[in-house]
Amino acid sequence: MCEAGDRVYSRAIRRGRVPRDEAQAVPCLLELALLHPDPDDMDWLVPASPQEVMNRMLRGLYAQVSASQARVADAVSAFEWYAGLNGPMPARAAAEGGSAIRVLDGRSRIQAAMDEATEACAREVLTVQPGGIRREDELAEGMHRALDLRRRGVHMRDLYTHVARHGQGLLNYLELMDGATEARTLDEVGDRMVVFDRTVAFIPANRDRTMALELRHPALVEYLVTVFDRLWRLAVPLTASLPDTGIESVTHRERSIAALLAEGHQDAVIAERLGISVRTCRAHIARLSETLGAASRTQLGVRIAQTGLAETTHSTEATPIRTSKQRIPHAPMRSPS
């Protein structure tokens with residue numbers, strides 16, 4: 001009971017009744033039937049007996065507990081019956097090496113499953129890494145796994161957004177891996193994904209990536225690999241320059257933004273898909289408007305359509321660029337978390 005209610009109810013118990021005006025600040029006393037009108041004088045309120053209140057409350061709680069116990073008993077009985085129907089399932093699951101789809105709850109469980117898959121991997125790792133420039137701690141996190149895979153002769157292919165190529169760490173990483181890893185970039189990629197030996201894949205199960213799905217169903221894994229291979233053919237090698245937009249003063253990133261603007265996306269969505277900040281995205285939009293001579297967003301859309309910027313093209317035929325010889329221990333392979 002709140003302090004005001006305790007004070008009024010206690011006074012009513014001691015005195016036998018209290019004026020109705022004193023209970024105006026705590027109407028819950030009347031609603032809960034702790035106080036009720038005095039039959040002899042309606043301007044006064046008399047308290048219900050504490051024993052009566054306790055018995056009333058306990059009866060309600062007892063009814064709730066009894067109902068809950070009945071529901072538990074029904075549930076146990078039902079699931080015991082269902083459990084008797086799946087006799088062959090444990091043996092089949094064991095023969096297949098576990099569940100086809102497993103939910104990993106928590107970063108520690110995700111990392112443990114990733115480490116186990118890394119140790120078992122013998123041929124190939126495919127990864128999709130969304131976002132912008134990789135932070136040094138993110139890149140360094142998977143260094144020991146990448147080096148172990150390289151030592152065992154496992155080939156790795158990584159997909160990033162074009163923004164990621166502005167971080168020197170990835171170029172240094174490619175040199176460090178000495179041909180064991182290939183990296184390509186696209187305007188945008190899907191959510192994070194890691195596939196080991198085309199038999200097990202990991203993808204996020206929620207937005208903040210504190211849960212992941214471990215997929216071992218052959219059809220699902222094959223589908224993800226097919227999507228990856230098609231994106232790979234469209235992507236540009238990290239060690240090659242991006243193709244020219246064909247329009248003077250318009251950068252490749254601005255062309256990507258123009259294409260998404262033409263699809264009707266808001267600034268925040270464009271920024272997330274291209275791996276840049278909203279502020280950077282708006283700066284590029286302002287520069288694009290100036291370049292195309294657009295005075296409004298509507299006019300900018302018309303200019304984009306007129307110049308053909310909405311028609312994005314990709315090419316893996318590009319000119320190699322010089323990379324730094326400085327070696328920094330980075331690695332891009334990360335878990336879906």
# chains A, B, ... in the order shown; residues from 1 in each chain; ligands from 1
$ residues_around --residues "stretch 263-280 of chain A" --least-positions-apart "4" --cutoff "7 Å" --atoms "only C-alpha atoms" --output "ChimeraX atom specification"
/A:130-132,161,163,187-188,257,259,284
$ residues_around --residues "stretch 193-201 of chain A" --least-positions-apart "5" --cutoff "12 Å" --atoms "only C-alpha atoms" --output "MDAnalysis selection string"
chainID A and resid 96:102 110 113:130 149 154:160 209 212:229 332:337
$ write_last_selection --atoms "C-alpha atoms" --output "JSON list (two decimals), in the first residue's frame"
[["chain", "number", "residue", "atom", "x", "y", "z"],
["A", 96, "GLU", "CA", 22.80, -36.19, -39.52],
["A", 97, "GLY", "CA", 25.19, -34.57, -37.06],
["A", 98, "GLY", "CA", 22.61, -32.46, -35.23],
["A", 99, "SER", "CA", 19.64, -30.23, -35.98],
["A", 100, "ALA", "CA", 19.33, -28.71, -39.46],
["A", 101, "ILE", "CA", 18.56, -25.30, -37.90],
["A", 102, "ARG", "CA", 19.91, -24.38, -34.50],
["A", 110, "ILE", "CA", 27.73, -17.97, -31.26],
["A", 113, "ALA", "CA", 29.88, -22.62, -32.57],
["A", 114, "MET", "CA", 31.97, -20.51, -34.98],
["A", 115, "ASP", "CA", 35.20, -21.79, -33.43],
["A", 116, "GLU", "CA", 33.98, -25.37, -33.73],
["A", 117, "ALA", "CA", 33.09, -24.86, -37.41],
["A", 118, "THR", "CA", 36.47, -23.21, -38.04],
["A", 119, "GLU", "CA", 38.32, -26.17, -36.57],
["A", 120, "ALA", "CA", 36.33, -28.61, -38.72],
["A", 121, "CYS", "CA", 36.69, -26.56, -41.94],
["A", 122, "ALA", "CA", 38.98, -28.14, -44.54],
["A", 123, "ARG", "CA", 38.41, -26.39, -47.89],
["A", 124, "GLU", "CA", 36.58, -23.05, -48.11],
["A", 125, "VAL", "CA", 35.09, -20.16, -46.12],
["A", 126, "LEU", "CA", 32.68, -17.62, -47.63],
["A", 127, "THR", "CA", 31.80, -14.44, -45.70],
["A", 128, "VAL", "CA", 29.58, -11.41, -46.24],
["A", 129, "GLN", "CA", 30.60, -8.41, -44.14],
["A", 130, "PRO", "CA", 28.14, -5.46, -44.28],
["A", 149, "LEU", "CA", 42.69, -21.60, -41.78],
["A", 154, "VAL", "CA", 41.63, -23.27, -46.57],
["A", 155, "HIS", "CA", 40.67, -20.70, -49.23],
["A", 156, "MET", "CA", 38.62, -17.68, -48.08],
["A", 157, "ARG", "CA", 36.43, -15.29, -50.06],
["A", 158, "ASP", "CA", 35.06, -12.12, -48.39],
["A", 159, "LEU", "CA", 32.43, -9.66, -49.66],
["A", 160, "TYR", "CA", 32.32, -6.06, -48.38],
["A", 209, "ARG", "CA", 23.11, -9.81, -33.56],
["A", 212, "ALA", "CA", 22.31, -16.35, -34.68],
["A", 213, "LEU", "CA", 21.10, -19.30, -36.73],
["A", 214, "GLU", "CA", 23.38, -22.24, -37.45],
["A", 215, "LEU", "CA", 22.12, -23.78, -40.70],
["A", 216, "ARG", "CA", 23.04, -27.31, -41.78],
["A", 217, "HIS", "CA", 20.12, -28.10, -44.06],
["A", 218, "PRO", "CA", 21.73, -28.83, -47.47],
["A", 219, "ALA", "CA", 19.07, -26.92, -49.45],
["A", 220, "LEU", "CA", 19.38, -23.81, -47.29],
["A", 221, "VAL", "CA", 23.18, -23.81, -47.38],
["A", 222, "GLU", "CA", 23.22, -24.39, -51.14],
["A", 223, "TYR", "CA", 20.82, -21.46, -51.62],
["A", 224, "LEU", "CA", 23.06, -19.14, -49.59],
["A", 225, "VAL", "CA", 26.15, -20.26, -51.50],
["A", 226, "THR", "CA", 24.38, -19.61, -54.81],
["A", 227, "VAL", "CA", 23.47, -16.08, -53.71],
["A", 228, "PHE", "CA", 27.06, -15.50, -52.59],
["A", 229, "ASP", "CA", 28.52, -16.73, -55.90],
["A", 332, "PRO", "CA", 38.07, -9.69, -41.65],
["A", 333, "MET", "CA", 36.44, -13.02, -40.83],
["A", 334, "ARG", "CA", 33.94, -12.45, -38.03],
["A", 335, "SER", "CA", 31.01, -14.26, -36.52],
["A", 336, "PRO", "CA", 27.41, -13.21, -37.27],
["A", 337, "SER", "CA", 27.41, -11.49, -33.86]]
$ residues_around --residues "A:Thr307" --least-positions-apart "4" --cutoff "9 Å" --atoms "only C-alpha atoms" --output "list in words"
Ile247, Leu292, Val302 and Arg303 of chain A
$ select_by_dssp --residues "stretch 92-301 of chain A" --states "strand (DSSP E)" --output "NGL selection string"
:A and (101-105 or 124-129 or 155-161 or 181-186 or 193-196 or 200-204 or 211-215 or 236-237)
$ select_by_dssp --residues "stretch 41-228 of chain A" --states "helix (DSSP H, G or I)" --output "JSON, numbers by chain"
{"A": [50, 51, 52, 53, 54, 55, 56, 57, 58, 59, 60, 61, 62, 63, 64, 65, 66, 67, 68, 69, 70, 71, 72, 73, 74, 75, 76, 77, 78, 79, 80, 81, 82, 83, 88, 89, 90, 91, 92, 93, 94, 95, 107, 108, 109, 110, 111, 112, 113, 114, 115, 116, 117, 118, 119, 120, 136, 137, 138, 139, 140, 141, 143, 144, 145, 146, 147, 148, 149, 150, 151, 162, 163, 164, 165, 166, 168, 169, 170, 171, 172, 173, 174, 175, 176, 177, 218, 219, 220, 221, 222, 223, 224, 225, 226, 227, 228]}
$ atom_distance --atom1 "atom CA of A:Gln51" --atom2 "atom CA of A:Leu29"
15.7 Å
$ closest_residue --among "A:Pro243, A:Gly308, A:Gly153, A:Pro47" --to "A:Ser10" --atoms "only C-alpha atoms"
A:Pro47
$ closest_residue --among "A:Met57, A:Leu32, A:Met42, A:Leu234" --to "A:Pro19" --atoms "only C-alpha atoms"
A:Met42
$ residues_around --residues "A:Val46" --least-positions-apart "6" --cutoff "12 Å" --atoms "only C-alpha atoms" --output "VMD selection string"
chain A and resid 8 to 20 22 to 23 29 to 30 33 to 40
$ write_last_selection --atoms "N, CA and C atoms" --output "compact mmCIF listing (two decimals), in the first residue's frame"
# COMPACT_ATOMS: atom_id res chain seq x y z
N VAL A 8 -4.19 6.53 5.93
CA VAL A 8 -5.64 6.66 6.09
C VAL A 8 -6.24 5.35 6.62
N TYR A 9 -5.81 4.21 6.06
CA TYR A 9 -6.38 2.93 6.49
C TYR A 9 -6.02 2.63 7.94
N SER A 10 -4.77 2.94 8.34
CA SER A 10 -4.34 2.73 9.72
C SER A 10 -5.17 3.58 10.68
N ARG A 11 -5.43 4.83 10.27
CA ARG A 11 -6.23 5.71 11.12
C ARG A 11 -7.65 5.17 11.25
N ALA A 12 -8.19 4.64 10.15
CA ALA A 12 -9.54 4.09 10.20
C ALA A 12 -9.60 2.88 11.12
N ILE A 13 -8.57 2.05 11.10
CA ILE A 13 -8.53 0.86 11.97
C ILE A 13 -8.49 1.30 13.44
N ARG A 14 -7.65 2.31 13.75
CA ARG A 14 -7.51 2.75 15.15
C ARG A 14 -8.78 3.43 15.66
N ARG A 15 -9.41 4.28 14.82
CA ARG A 15 -10.54 5.09 15.27
C ARG A 15 -11.88 4.43 14.98
N GLY A 16 -11.91 3.45 14.13
CA GLY A 16 -13.18 2.81 13.78
C GLY A 16 -13.80 3.38 12.53
N ARG A 17 -13.47 4.62 12.19
CA ARG A 17 -13.95 5.23 10.96
C ARG A 17 -13.18 6.52 10.70
N VAL A 18 -13.26 7.02 9.46
CA VAL A 18 -12.60 8.28 9.08
C VAL A 18 -13.56 9.07 8.21
N PRO A 19 -13.42 10.42 8.20
CA PRO A 19 -14.27 11.22 7.32
C PRO A 19 -14.00 10.87 5.85
N ARG A 20 -15.04 10.92 5.02
CA ARG A 20 -14.89 10.60 3.60
C ARG A 20 -13.87 11.51 2.93
N GLU A 22 -11.06 12.57 3.94
CA GLU A 22 -9.68 12.12 4.13
C GLU A 22 -9.29 11.05 3.12
N ALA A 23 -10.27 10.34 2.57
CA ALA A 23 -9.97 9.26 1.64
C ALA A 23 -9.99 9.70 0.17
N LEU A 29 -8.55 2.84 -1.84
CA LEU A 29 -9.05 2.19 -0.63
C LEU A 29 -10.51 1.79 -0.80
N LEU A 30 -11.28 2.65 -1.49
CA LEU A 30 -12.67 2.33 -1.76
C LEU A 30 -12.78 1.27 -2.86
N ALA A 33 -12.18 -2.05 -1.61
CA ALA A 33 -13.10 -2.38 -0.51
C ALA A 33 -12.40 -2.46 0.83
N LEU A 34 -11.32 -1.72 0.99
CA LEU A 34 -10.67 -1.62 2.30
C LEU A 34 -11.43 -0.65 3.19
N LEU A 35 -12.12 0.31 2.54
CA LEU A 35 -13.02 1.22 3.25
C LEU A 35 -14.37 1.18 2.55
N HIS A 36 -15.42 1.32 3.32
CA HIS A 36 -16.74 1.40 2.70
C HIS A 36 -17.61 2.33 3.54
N PRO A 37 -18.68 2.90 2.96
CA PRO A 37 -19.48 3.90 3.66
C PRO A 37 -20.12 3.36 4.94
N ASP A 38 -20.20 4.25 5.93
CA ASP A 38 -20.85 3.91 7.20
C ASP A 38 -22.37 3.98 6.97
N PRO A 39 -23.11 2.90 7.18
CA PRO A 39 -24.56 2.92 6.92
C PRO A 39 -25.29 3.98 7.74
N ASP A 40 -24.72 4.32 8.92
CA ASP A 40 -25.40 5.29 9.78
C ASP A 40 -25.07 6.73 9.39
$ atom_distance --atom1 "atom CA of A:Ala305" --atom2 "atom CA of A:Leu242"
22.0 Å
$ closest_residue --among "A:Asn55, A:Thr291, A:Thr251, A:Thr185" --to "A:Thr239" --atoms "only C-alpha atoms"
A:Thr185
$ closest_residue --among "A:Ile203, A:Val103, A:Ala25, A:Ala48" --to "A:Cys2" --atoms "only C-alpha atoms"
A:Ala25
